[in-house]
file entry-v7.cif (mmCIF, N, CA and C atoms)
data_entry
loop_
_atom_site.group_PDB
_atom_site.id
_atom_site.type_symbol
_atom_site.label_atom_id
_atom_site.label_comp_id
_atom_site.auth_asym_id
_atom_site.auth_seq_id
_atom_site.Cartn_x
_atom_site.Cartn_y
_atom_site.Cartn_z
ATOM 1 N N MET X 379 -86.611 -72.236 10.567
ATOM 2 C CA MET X 379 -86.165 -73.408 11.289
ATOM 3 C C MET X 379 -87.352 -74.249 11.732
ATOM 4 N N LEU X 380 -88.382 -73.676 12.363
ATOM 5 C CA LEU X 380 -89.505 -74.433 12.869
ATOM 6 C C LEU X 380 -90.600 -74.489 11.821
ATOM 7 N N GLN X 381 -91.317 -75.599 11.780
ATOM 8 C CA GLN X 381 -92.312 -75.796 10.739
ATOM 9 C C GLN X 381 -93.713 -75.459 11.209
ATOM 10 N N ASP X 382 -94.623 -75.340 10.266
ATOM 11 C CA ASP X 382 -96.024 -75.056 10.536
ATOM 12 C C ASP X 382 -96.706 -76.310 11.066
ATOM 13 N N SER X 383 -97.282 -76.235 12.268
ATOM 14 C CA SER X 383 -97.898 -77.406 12.895
ATOM 15 C C SER X 383 -99.262 -77.735 12.304
ATOM 16 N N ARG X 384 -99.768 -76.931 11.378
ATOM 17 C CA ARG X 384 -101.091 -77.171 10.816
ATOM 18 C C ARG X 384 -101.055 -78.040 9.565
ATOM 19 N N ALA X 385 -99.879 -78.461 9.141
ATOM 20 C CA ALA X 385 -99.763 -79.274 7.938
ATOM 21 C C ALA X 385 -100.596 -80.552 8.078
ATOM 22 N N VAL X 386 -101.236 -80.944 6.983
ATOM 23 C CA VAL X 386 -102.088 -82.127 6.970
ATOM 24 C C VAL X 386 -101.271 -83.314 6.458
ATOM 25 N N LEU X 387 -101.480 -84.474 7.065
ATOM 26 C CA LEU X 387 -100.765 -85.683 6.662
ATOM 27 C C LEU X 387 -101.498 -86.347 5.501
ATOM 28 N N ASP X 388 -100.749 -86.906 4.553
ATOM 29 C CA ASP X 388 -101.376 -87.597 3.434
ATOM 30 C C ASP X 388 -101.862 -88.984 3.869
ATOM 31 N N ASP X 389 -102.692 -89.606 3.040
ATOM 32 C CA ASP X 389 -103.322 -90.888 3.390
ATOM 33 C C ASP X 389 -102.307 -91.992 3.661
ATOM 34 N N GLN X 390 -101.244 -92.040 2.886
ATOM 35 C CA GLN X 390 -100.225 -93.076 3.061
ATOM 36 C C GLN X 390 -99.514 -92.911 4.414
ATOM 37 N N THR X 391 -99.232 -91.688 4.779
ATOM 38 C CA THR X 391 -98.585 -91.422 6.063
ATOM 39 C C THR X 391 -99.510 -91.783 7.218
ATOM 40 N N VAL X 392 -100.774 -91.403 7.092
ATOM 41 C CA VAL X 392 -101.754 -91.733 8.137
ATOM 42 C C VAL X 392 -101.858 -93.245 8.300
ATOM 43 N N ALA X 393 -101.904 -93.980 7.183
ATOM 44 C CA ALA X 393 -102.004 -95.445 7.244
ATOM 45 C C ALA X 393 -100.780 -96.045 7.949
ATOM 46 N N PHE X 394 -99.580 -95.543 7.638
ATOM 47 C CA PHE X 394 -98.367 -96.029 8.292
ATOM 48 C C PHE X 394 -98.444 -95.795 9.800
ATOM 49 N N ILE X 395 -98.816 -94.586 10.189
ATOM 50 C CA ILE X 395 -98.877 -94.226 11.605
ATOM 51 C C ILE X 395 -99.906 -95.091 12.331
ATOM 52 N N GLU X 396 -101.062 -95.282 11.728
ATOM 53 C CA GLU X 396 -102.111 -96.098 12.354
ATOM 54 C C GLU X 396 -101.662 -97.555 12.480
ATOM 55 N N ASN X 397 -101.043 -98.095 11.442
ATOM 56 C CA ASN X 397 -100.552 -99.480 11.499
ATOM 57 C C ASN X 397 -99.449 -99.636 12.535
ATOM 58 N N PHE X 398 -98.595 -98.645 12.648
ATOM 59 C CA PHE X 398 -97.545 -98.683 13.661
ATOM 60 C C PHE X 398 -98.163 -98.655 15.056
ATOM 61 N N GLY X 399 -99.211 -97.858 15.221
ATOM 62 C CA GLY X 399 -99.915 -97.807 16.495
ATOM 63 C C GLY X 399 -100.497 -99.156 16.872
ATOM 64 N N LEU X 400 -101.071 -99.858 15.904
ATOM 65 C CA LEU X 400 -101.627 -101.190 16.162
ATOM 66 C C LEU X 400 -100.531 -102.191 16.508
ATOM 67 N N LEU X 401 -99.409 -102.103 15.817
ATOM 68 C CA LEU X 401 -98.283 -102.994 16.092
ATOM 69 C C LEU X 401 -97.778 -102.818 17.521
ATOM 70 N N ILE X 402 -97.600 -101.588 17.936
ATOM 71 C CA ILE X 402 -97.119 -101.306 19.288
ATOM 72 C C ILE X 402 -98.178 -101.700 20.318
ATOM 73 N N ASN X 403 -99.449 -101.497 19.982
ATOM 74 C CA ASN X 403 -100.535 -101.898 20.875
ATOM 75 C C ASN X 403 -100.518 -103.403 21.113
ATOM 76 N N ASP X 404 -100.187 -104.171 20.081
ATOM 77 C CA ASP X 404 -100.076 -105.626 20.226
ATOM 78 C C ASP X 404 -98.961 -106.018 21.196
ATOM 79 N N GLN X 405 -98.015 -105.112 21.434
ATOM 80 C CA GLN X 405 -96.908 -105.370 22.349
ATOM 81 C C GLN X 405 -97.218 -104.914 23.777
ATOM 82 N N GLY X 406 -98.440 -104.446 24.006
ATOM 83 C CA GLY X 406 -98.867 -104.082 25.346
ATOM 84 C C GLY X 406 -98.824 -102.604 25.681
ATOM 85 N N PHE X 407 -98.468 -101.767 24.729
ATOM 86 C CA PHE X 407 -98.442 -100.326 24.954
ATOM 87 C C PHE X 407 -99.721 -99.702 24.404
ATOM 88 N N PRO X 408 -100.079 -98.524 24.891
ATOM 89 C CA PRO X 408 -101.229 -97.828 24.317
ATOM 90 C C PRO X 408 -100.997 -97.537 22.829
ATOM 91 N N ARG X 409 -102.071 -97.595 22.055
ATOM 92 C CA ARG X 409 -101.971 -97.336 20.619
ATOM 93 C C ARG X 409 -101.389 -95.954 20.348
ATOM 94 N N SER X 410 -101.721 -94.978 21.208
ATOM 95 C CA SER X 410 -101.204 -93.621 21.012
ATOM 96 C C SER X 410 -99.679 -93.583 21.092
ATOM 97 N N VAL X 411 -99.080 -94.430 21.902
ATOM 98 C CA VAL X 411 -97.614 -94.499 21.990
ATOM 99 C C VAL X 411 -97.044 -94.957 20.652
ATOM 100 N N GLY X 412 -97.665 -95.938 20.056
ATOM 101 C CA GLY X 412 -97.223 -96.404 18.738
ATOM 102 C C GLY X 412 -97.415 -95.362 17.664
ATOM 103 N N ARG X 413 -98.516 -94.639 17.727
ATOM 104 C CA ARG X 413 -98.753 -93.573 16.749
ATOM 105 C C ARG X 413 -97.697 -92.483 16.887
ATOM 106 N N LEU X 414 -97.381 -92.110 18.125
ATOM 107 C CA LEU X 414 -96.333 -91.102 18.351
ATOM 108 C C LEU X 414 -94.995 -91.577 17.809
ATOM 109 N N LEU X 415 -94.625 -92.801 18.139
ATOM 110 C CA LEU X 415 -93.343 -93.332 17.687
ATOM 111 C C LEU X 415 -93.310 -93.461 16.165
ATOM 112 N N GLY X 416 -94.377 -93.961 15.582
ATOM 113 C CA GLY X 416 -94.443 -94.085 14.132
ATOM 114 C C GLY X 416 -94.270 -92.748 13.439
ATOM 115 N N PHE X 417 -94.926 -91.727 13.963
ATOM 116 C CA PHE X 417 -94.800 -90.396 13.368
ATOM 117 C C PHE X 417 -93.389 -89.858 13.525
ATOM 118 N N LEU X 418 -92.803 -90.013 14.714
ATOM 119 C CA LEU X 418 -91.449 -89.503 14.930
ATOM 120 C C LEU X 418 -90.404 -90.236 14.089
ATOM 121 N N LEU X 419 -90.712 -91.434 13.641
ATOM 122 C CA LEU X 419 -89.796 -92.160 12.746
ATOM 123 C C LEU X 419 -89.720 -91.524 11.361
ATOM 124 N N ILE X 420 -90.791 -90.868 10.922
ATOM 125 C CA ILE X 420 -90.854 -90.398 9.533
ATOM 126 C C ILE X 420 -91.031 -88.899 9.372
ATOM 127 N N CYS X 421 -91.220 -88.163 10.452
ATOM 128 C CA CYS X 421 -91.556 -86.741 10.333
ATOM 129 C C CYS X 421 -90.367 -85.911 9.862
ATOM 130 N N LYS X 422 -90.700 -84.814 9.229
ATOM 131 C CA LYS X 422 -89.719 -83.808 8.824
ATOM 132 C C LYS X 422 -90.214 -82.473 9.325
ATOM 133 N N PRO X 423 -89.451 -81.717 10.059
ATOM 134 C CA PRO X 423 -88.143 -82.081 10.578
ATOM 135 C C PRO X 423 -88.254 -83.221 11.577
ATOM 136 N N ASP X 424 -87.133 -83.729 12.018
ATOM 137 C CA ASP X 424 -87.132 -84.916 12.875
ATOM 138 C C ASP X 424 -87.448 -84.604 14.331
ATOM 139 N N TYR X 425 -87.844 -83.389 14.634
ATOM 140 C CA TYR X 425 -88.276 -82.994 15.971
ATOM 141 C C TYR X 425 -89.682 -82.392 15.845
ATOM 142 N N GLN X 426 -90.482 -82.574 16.900
ATOM 143 C CA GLN X 426 -91.854 -82.064 16.896
ATOM 144 C C GLN X 426 -92.199 -81.573 18.295
ATOM 145 N N SER X 427 -92.973 -80.500 18.375
ATOM 146 C CA SER X 427 -93.445 -80.015 19.674
ATOM 147 C C SER X 427 -94.664 -80.830 20.094
ATOM 148 N N ALA X 428 -95.035 -80.719 21.346
ATOM 149 C CA ALA X 428 -96.250 -81.392 21.827
ATOM 150 C C ALA X 428 -97.457 -80.906 21.039
ATOM 151 N N GLU X 429 -97.489 -79.614 20.750
ATOM 152 C CA GLU X 429 -98.595 -79.051 19.968
ATOM 153 C C GLU X 429 -98.628 -79.647 18.561
ATOM 154 N N ASP X 430 -97.463 -79.793 17.931
ATOM 155 C CA ASP X 430 -97.383 -80.428 16.611
ATOM 156 C C ASP X 430 -97.958 -81.841 16.667
ATOM 157 N N LEU X 431 -97.545 -82.599 17.680
ATOM 158 C CA LEU X 431 -98.002 -83.984 17.812
ATOM 159 C C LEU X 431 -99.508 -84.044 18.032
ATOM 160 N N GLN X 432 -100.027 -83.163 18.865
ATOM 161 C CA GLN X 432 -101.469 -83.117 19.092
ATOM 162 C C GLN X 432 -102.216 -82.828 17.794
ATOM 163 N N ASN X 433 -101.785 -81.805 17.081
ATOM 164 C CA ASN X 433 -102.483 -81.378 15.866
ATOM 165 C C ASN X 433 -102.384 -82.396 14.744
ATOM 166 N N LYS X 434 -101.208 -82.908 14.500
ATOM 167 C CA LYS X 434 -101.003 -83.809 13.371
ATOM 168 C C LYS X 434 -101.585 -85.192 13.611
ATOM 169 N N LEU X 435 -101.544 -85.659 14.860
ATOM 170 C CA LEU X 435 -102.022 -87.003 15.167
ATOM 171 C C LEU X 435 -103.420 -87.006 15.774
ATOM 172 N N LYS X 436 -103.960 -85.807 15.981
ATOM 173 C CA LYS X 436 -105.291 -85.665 16.585
ATOM 174 C C LYS X 436 -105.376 -86.413 17.924
ATOM 175 N N LEU X 437 -104.376 -86.151 18.772
ATOM 176 C CA LEU X 437 -104.313 -86.738 20.102
ATOM 177 C C LEU X 437 -104.556 -85.648 21.147
ATOM 178 N N SER X 438 -105.040 -86.040 22.291
ATOM 179 C CA SER X 438 -105.219 -85.095 23.393
ATOM 180 C C SER X 438 -103.860 -84.732 23.983
ATOM 181 N N SER X 439 -103.843 -83.637 24.726
ATOM 182 C CA SER X 439 -102.587 -83.247 25.376
ATOM 183 C C SER X 439 -102.154 -84.312 26.381
ATOM 184 N N GLY X 440 -103.115 -84.951 27.044
ATOM 185 C CA GLY X 440 -102.780 -86.017 27.993
ATOM 186 C C GLY X 440 -102.162 -87.218 27.318
ATOM 187 N N ALA X 441 -102.687 -87.597 26.146
ATOM 188 C CA ALA X 441 -102.136 -88.736 25.404
ATOM 189 C C ALA X 441 -100.723 -88.436 24.926
ATOM 190 N N VAL X 442 -100.494 -87.212 24.486
ATOM 191 C CA VAL X 442 -99.146 -86.825 24.046
ATOM 192 C C VAL X 442 -98.197 -86.807 25.237
ATOM 193 N N SER X 443 -98.625 -86.238 26.327
ATOM 194 C CA SER X 443 -97.773 -86.157 27.513
ATOM 195 C C SER X 443 -97.415 -87.543 28.043
ATOM 196 N N SER X 444 -98.416 -88.382 28.242
ATOM 197 C CA SER X 444 -98.117 -89.712 28.781
ATOM 198 C C SER X 444 -97.353 -90.559 27.773
ATOM 199 N N GLY X 445 -97.686 -90.447 26.496
ATOM 200 C CA GLY X 445 -96.985 -91.220 25.471
ATOM 201 C C GLY X 445 -95.533 -90.830 25.319
ATOM 202 N N THR X 446 -95.258 -89.532 25.323
ATOM 203 C CA THR X 446 -93.865 -89.095 25.204
ATOM 204 C C THR X 446 -93.079 -89.455 26.456
ATOM 205 N N ASN X 447 -93.723 -89.424 27.612
ATOM 206 C CA ASN X 447 -93.029 -89.843 28.842
ATOM 207 C C ASN X 447 -92.671 -91.329 28.791
ATOM 208 N N ILE X 448 -93.587 -92.162 28.312
ATOM 209 C CA ILE X 448 -93.294 -93.594 28.161
ATOM 210 C C ILE X 448 -92.118 -93.787 27.219
ATOM 211 N N LEU X 449 -92.164 -93.136 26.057
ATOM 212 C CA LEU X 449 -91.097 -93.296 25.059
ATOM 213 C C LEU X 449 -89.761 -92.764 25.572
ATOM 214 N N LYS X 450 -89.801 -91.680 26.346
ATOM 215 C CA LYS X 450 -88.561 -91.145 26.923
ATOM 216 C C LYS X 450 -88.010 -92.103 27.980
ATOM 217 N N ASN X 451 -88.886 -92.631 28.820
ATOM 218 C CA ASN X 451 -88.439 -93.526 29.897
ATOM 219 C C ASN X 451 -87.828 -94.825 29.377
ATOM 220 N N ILE X 452 -88.251 -95.288 28.216
ATOM 221 C CA ILE X 452 -87.659 -96.508 27.664
ATOM 222 C C ILE X 452 -86.519 -96.202 26.688
ATOM 223 N N GLY X 453 -86.165 -94.920 26.583
ATOM 224 C CA GLY X 453 -84.982 -94.522 25.827
ATOM 225 C C GLY X 453 -85.152 -94.416 24.328
ATOM 226 N N LEU X 454 -86.390 -94.277 23.847
ATOM 227 C CA LEU X 454 -86.599 -94.191 22.401
ATOM 228 C C LEU X 454 -86.644 -92.763 21.874
ATOM 229 N N ILE X 455 -87.004 -91.809 22.728
ATOM 230 C CA ILE X 455 -87.017 -90.414 22.304
ATOM 231 C C ILE X 455 -86.299 -89.566 23.344
ATOM 232 N N LYS X 456 -86.003 -88.341 22.945
ATOM 233 C CA LYS X 456 -85.382 -87.379 23.849
ATOM 234 C C LYS X 456 -86.014 -86.017 23.630
ATOM 235 N N PHE X 457 -85.839 -85.134 24.606
ATOM 236 C CA PHE X 457 -86.279 -83.755 24.492
ATOM 237 C C PHE X 457 -85.157 -82.951 23.859
ATOM 238 N N VAL X 458 -85.515 -82.004 23.006
ATOM 239 C CA VAL X 458 -84.530 -81.074 22.447
ATOM 240 C C VAL X 458 -85.091 -79.664 22.567
ATOM 241 N N THR X 459 -84.201 -78.698 22.647
ATOM 242 C CA THR X 459 -84.593 -77.293 22.717
ATOM 243 C C THR X 459 -83.739 -76.500 21.732
ATOM 244 N N PHE X 460 -84.191 -75.275 21.457
ATOM 245 C CA PHE X 460 -83.476 -74.378 20.556
ATOM 246 C C PHE X 460 -83.333 -73.024 21.216
ATOM 247 N N PRO X 461 -82.181 -72.374 21.041
ATOM 248 C CA PRO X 461 -81.980 -71.048 21.637
ATOM 249 C C PRO X 461 -83.085 -70.084 21.196
ATOM 250 N N GLY X 462 -83.610 -69.345 22.153
ATOM 251 C CA GLY X 462 -84.636 -68.355 21.855
ATOM 252 C C GLY X 462 -86.041 -68.917 21.726
ATOM 253 N N ASP X 463 -86.205 -70.210 21.866
ATOM 254 C CA ASP X 463 -87.514 -70.864 21.764
ATOM 255 C C ASP X 463 -87.794 -71.545 23.099
ATOM 256 N N ARG X 464 -88.930 -71.254 23.691
ATOM 257 C CA ARG X 464 -89.227 -71.774 25.026
ATOM 258 C C ARG X 464 -89.848 -73.168 25.006
ATOM 259 N N LYS X 465 -90.188 -73.669 23.825
ATOM 260 C CA LYS X 465 -90.827 -74.985 23.731
ATOM 261 C C LYS X 465 -89.811 -76.113 23.851
ATOM 262 N N PHE X 466 -90.330 -77.262 24.290
ATOM 263 C CA PHE X 466 -89.585 -78.513 24.222
ATOM 264 C C PHE X 466 -90.037 -79.242 22.975
ATOM 265 N N TYR X 467 -89.113 -79.911 22.321
ATOM 266 C CA TYR X 467 -89.418 -80.719 21.146
ATOM 267 C C TYR X 467 -89.000 -82.146 21.421
ATOM 268 N N TYR X 468 -89.616 -83.058 20.722
ATOM 269 C CA TYR X 468 -89.340 -84.480 20.879
ATOM 270 C C TYR X 468 -88.749 -85.019 19.590
ATOM 271 N N GLN X 469 -87.745 -85.885 19.713
ATOM 272 C CA GLN X 469 -87.195 -86.561 18.546
ATOM 273 C C GLN X 469 -86.642 -87.906 18.972
ATOM 274 N N LEU X 470 -86.450 -88.769 17.993
ATOM 275 C CA LEU X 470 -85.884 -90.083 18.288
ATOM 276 C C LEU X 470 -84.523 -89.919 18.926
ATOM 277 N N ASP X 471 -84.220 -90.772 19.861
ATOM 278 C CA ASP X 471 -82.924 -90.743 20.526
ATOM 279 C C ASP X 471 -82.019 -91.758 19.848
ATOM 280 N N SER X 472 -81.094 -91.246 19.060
ATOM 281 C CA SER X 472 -80.249 -92.164 18.282
ATOM 282 C C SER X 472 -78.986 -92.491 18.962
#

call {"tool": "encode", "arguments": {"input": "entry-v7.cif", "output": "structure tokens"}}
result
Amino acid sequence: MLQDSRAVLDDQTVAFIENFGLLINDQGFPRSVGRLLGFLLICKPDYQSAEDLQNKLKLSSGAVSSGTNILKNIGLIKFVTFPGDRKFYYQLDS
């Protein structure tokens, strides 16, 4: 059910995420918020742990924490959990 958080992103995916980060930054949000949102738009599975986000996007734990809180507060993402797993995961709130 849960995926390996060490997977490496390909160049095309990295370019999309970086461009999305710049787009969101132009709207007044931190670039890391855009990178998080861009990744959550295309990731498989559609949920990711904070550790996954840190590893795949090379962000600090603080950037992931503050970025996911911003995205949650504006209603773009939600927390999800799974029975038997103590982690919280983030996914788009549809």

call {"tool": "atom_distance", "arguments": {"input": "entry-v7.cif", "atom1": "atom N of Ser427 in chain X", "atom2": "atom C of Val442 in chain X"}}
result
10.7 Å

call {"tool": "residues_around", "arguments": {"input": "entry-v7.cif", "residues": "range 401-415 of chain X", "least_positions_apart": "5", "cutoff": "6 Å", "atoms": "only N, CA and C atoms", "output": "PyMOL selection string"}}
result
chain X and resi 395-396+445

call {"tool": "residues_around", "arguments": {"input": "entry-v7.cif", "residues": "range 455-458 of chain X", "least_positions_apart": "2", "cutoff": "7 Å", "atoms": "only N, CA and C atoms", "output": "ChimeraX atom specification"}}
result
/X:449-453,460,465-472

call {"tool": "atom_distance", "arguments": {"input": "entry-v7.cif", "atom1": "CA of Leu387 in chain X", "atom2": "CA of Ile448 in chain X"}}
result
24.1 Å

call {"tool": "atom_distance", "arguments": {"input": "entry-v7.cif", "atom1": "atom N of Pro461 in chain X", "atom2": "CA of Val386 in chain X"}}
result
26.3 Å

call {"tool": "select_by_dssp", "arguments": {"input": "entry-v7.cif", "residues": "chain X", "states": "alpha helix (DSSP H)", "output": "ChimeraX atom specification"}}
result
/X:389-404,409-420,428-435,439-451

call {"tool": "select_by_dssp", "arguments": {"input": "entry-v7.cif", "residues": "chain X", "states": "strand (DSSP E or B)", "output": "PyMOL selection string"}}
result
chain X and resi 425-427+455-458+467-470

call {"tool": "write_last_selection", "arguments": {"input": "entry-v7.cif", "atoms": "N, CA and C atoms", "output": "compact mmCIF listing (two decimals), in the frame of the given file"}}
result
# COMPACT_ATOMS: atom_id res chain seq x y z
N TYR X 425 -87.84 -83.39 14.63
CA TYR X 425 -88.28 -82.99 15.97
C TYR X 425 -89.68 -82.39 15.84
N GLN X 426 -90.48 -82.57 16.90
CA GLN X 426 -91.85 -82.06 16.90
C GLN X 426 -92.20 -81.57 18.30
N SER X 427 -92.97 -80.50 18.38
CA SER X 427 -93.44 -80.02 19.67
C SER X 427 -94.66 -80.83 20.09
N ILE X 455 -87.00 -91.81 22.73
CA ILE X 455 -87.02 -90.41 22.30
C ILE X 455 -86.30 -89.57 23.34
N LYS X 456 -86.00 -88.34 22.94
CA LYS X 456 -85.38 -87.38 23.85
C LYS X 456 -86.01 -86.02 23.63
N PHE X 457 -85.84 -85.13 24.61
CA PHE X 457 -86.28 -83.76 24.49
C PHE X 457 -85.16 -82.95 23.86
N VAL X 458 -85.52 -82.00 23.01
CA VAL X 458 -84.53 -81.07 22.45
C VAL X 458 -85.09 -79.66 22.57
N TYR X 467 -89.11 -79.91 22.32
CA TYR X 467 -89.42 -80.72 21.15
C TYR X 467 -89.00 -82.15 21.42
N TYR X 468 -89.62 -83.06 20.72
CA TYR X 468 -89.34 -84.48 20.88
C TYR X 468 -88.75 -85.02 19.59
N GLN X 469 -87.74 -85.88 19.71
CA GLN X 469 -87.20 -86.56 18.55
C GLN X 469 -86.64 -87.91 18.97
N LEU X 470 -86.45 -88.77 17.99
CA LEU X 470 -85.88 -90.08 18.29
C LEU X 470 -84.52 -89.92 18.93

call {"tool": "closest_residue", "arguments": {"input": "entry-v7.cif", "among": "X:Gly462, X:Pro423, X:Leu400, X:Val392", "to": "Lys436 in chain X", "atoms": "only C-alpha atoms"}}
result
X:Val392

call {"tool": "closest_residue", "arguments": {"input": "entry-v7.cif", "among": "X:Gln390, X:Asn433, X:Ser438, X:Gln426", "to": "Thr459 in chain X", "atoms": "only C-alpha atoms"}}
result
X:Gln426

call {"tool": "decode", "arguments": {"input": "entry-v7.cif", "residues": "range 446-457 of chain X", "atoms": "N, CA, C and O atoms", "output": "compact mmCIF listing (two decimals), in the first residue's frame"}}
result
# COMPACT_ATOMS: atom_id res chain seq x y z
N THR X 446 2.50 22.71 4.17
CA THR X 446 1.29 21.90 4.23
C THR X 446 0.23 22.57 5.09
O THR X 446 -0.96 22.46 4.81
N ASN X 447 0.64 23.28 6.12
CA ASN X 447 -0.34 24.02 6.94
C ASN X 447 -1.01 25.13 6.12
O ASN X 447 -2.22 25.32 6.22
N ILE X 448 -0.23 25.85 5.32
CA ILE X 448 -0.81 26.88 4.44
C ILE X 448 -1.81 26.25 3.49
O ILE X 448 -2.94 26.72 3.34
N LEU X 449 -1.41 25.17 2.82
CA LEU X 449 -2.28 24.51 1.84
C LEU X 449 -3.53 23.93 2.50
O LEU X 449 -4.61 23.97 1.91
N LYS X 450 -3.39 23.42 3.72
CA LYS X 450 -4.56 22.90 4.43
C LYS X 450 -5.50 24.04 4.83
O LYS X 450 -6.71 23.93 4.67
N ASN X 451 -4.93 25.13 5.31
CA ASN X 451 -5.76 26.26 5.76
C ASN X 451 -6.54 26.92 4.62
O ASN X 451 -7.62 27.46 4.86
N ILE X 452 -6.03 26.86 3.41
CA ILE X 452 -6.77 27.44 2.29
C ILE X 452 -7.62 26.39 1.56
O ILE X 452 -8.23 26.69 0.55
N GLY X 453 -7.65 25.17 2.11
CA GLY X 453 -8.55 24.14 1.61
C GLY X 453 -8.09 23.38 0.39
O GLY X 453 -8.91 22.74 -0.27
N LEU X 454 -6.79 23.39 0.10
CA LEU X 454 -6.30 22.69 -1.09
C LEU X 454 -5.84 21.26 -0.81
O LEU X 454 -5.83 20.43 -1.71
N ILE X 455 -5.44 20.99 0.43
CA ILE X 455 -5.03 19.63 0.78
C ILE X 455 -5.72 19.22 2.08
O ILE X 455 -6.26 20.04 2.80
N LYS X 456 -5.65 17.93 2.35
CA LYS X 456 -6.19 17.39 3.59
C LYS X 456 -5.24 16.33 4.13
O LYS X 456 -4.38 15.83 3.40
N PHE X 457 -5.39 16.02 5.41
CA PHE X 457 -4.63 14.95 6.04
C PHE X 457 -5.41 13.66 5.86
O PHE X 457 -6.64 13.65 5.97
